[in-house]
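*Asks:* Below you will find the structure I want to go over with you.
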Amino acid sequence: MRRLISSGSKFEDEIGYSRAVVDGDHVFVSGTTGYDYATMTIAEDVVAQADQAFRNIAAALAQAGCTLDDVVRVLFIVPRREDWQPCWPVVKRYFGKAKPASTLIHAGLQTDAMRIEIEVTARIPSKGN
């Protein structure tokens, strides 16, 4: 069964996508930036943006019935090479247990204010586990 999850971001409606899609026991979370959707603001600091992005992803995963510990694959997109290493402690804090397969790409994002985008795939744990 397929289910769509929204974060309430105006971008999802304006552009035409979902924050996450649940398909069977898989959860596909769209590329997520450090926007605080409650205030529609974004911090200037890449570490703060990474932390907010993880909180946004965790909220979507919770709606799907799983957590960051259930993530099996992650893609990081960082425009500035020098911004990646400062994010390592944030990544370790959120993924230290799951240790998903990971890829990093250096590429431009939608706006210059966005300094990191994170996309994940998770599996909803079976009820027996």
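Chain labels run A, B, ... following the order of the structure tokens; each chain numbers its residues from 1, and ligands are numbered from 1 in the order shown.
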Looking only at helix (DSSP H, G or I) from DSSP on the backbone, list the matching residues of chain A as a PyMOL selection string.

*Replies:* chain A and resi 10-16+46-64+68-70+81-95

*Asks:* What's around Met114 in chain A at 12 Å? Count only C-alpha atoms, leave out sequence neighbours fewer than 2 positions away in its own chain, and write the answer as a PyMOL selection string.

*Replies:* chain A and resi 31-36+41-50+52-53+77-80+83+107-112+116-118

*Asks:* Could you check how far CA of Gln85 in chain A sits from CA of Ala59 in chain A, in Å to one decimal?

*Replies:*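 Straight-line distance from CA of Gln85 in chain A to CA of Ala59 in chain A works out to 24.8 Å.
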
*Asks:* Tell me which of A:Trp84, A:Val72, A:Phe95, A:Thr103 sits closest to Phe28 in chain A, counting only C-alpha atoms.

*Replies:*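 When distances to Phe28 in chain A are compared using only C-alpha atoms, the smallest one comes from A:Val72.
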
*Asks:* Could you give me, as a VMD selection string, each residue of range 6-113 of chain A that DSSP assigns to strand (DSSP E) when run on this structure's backbone?

*Replies:* chain A and resid 20 to 23 26 to 32 35 to 36 41 to 42 71 to 77 101 to 105

*Asks:* Quick one: write out the picked residues with C-alpha atoms as a compact mmCIF listing (two decimals), in the first residue's frame?

*Replies:*
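That gives us again_15.txt:
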```txt
# COMPACT_ATOMS: atom_id res chain seq x y z
CA ALA A 20 8.02 10.98 2.12
CA VAL A 21 6.31 8.06 0.44
CA VAL A 22 5.59 4.79 2.21
CA ASP A 23 5.44 1.85 -0.18
CA HIS A 26 9.96 0.99 2.54
CA VAL A 27 9.96 4.70 3.33
CA PHE A 28 11.47 7.06 0.77
CA VAL A 29 12.18 10.51 2.21
CA SER A 30 12.72 13.34 -0.26
CA GLY A 31 15.84 15.45 -0.19
CA THR A 32 15.41 17.45 3.00
CA TYR A 35 14.38 24.67 6.82
CA ASP A 36 12.38 24.99 9.99
CA THR A 41 13.40 30.03 8.14
CA ILE A 42 16.81 28.49 7.63
CA VAL A 71 17.44 4.13 7.72
CA VAL A 72 19.28 1.83 5.30
CA ARG A 73 20.48 4.34 2.68
CA VAL A 74 21.40 8.03 2.78
CA LEU A 75 22.44 10.57 0.18
CA PHE A 76 24.08 13.82 1.29
CA ILE A 77 24.31 16.78 -1.09
CA ALA A 101 24.95 2.90 3.27
CA SER A 102 25.97 6.44 2.35
CA THR A 103 26.85 8.64 -0.62
CA LEU A 104 28.02 12.25 -0.71
CA ILE A 105 27.64 14.49 -3.74
```

*Asks:* Identify which of the residues A:Val90, A:Val120, A:Met1, A:Ile15 lies closest to Asp70 in chain A, counting only C-alpha atoms when measuring atom-to-atom distances.

*Replies:*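 Checking each candidate against Asp70 in chain A, we get A:Val120 as the closest.
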
*Asks:* Report, in Å to a single decimal, how far apart CA of Ser126 in chain A and CA of Cys66 in chain A are.

*Replies:*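 It comes out at 10.1 Å.
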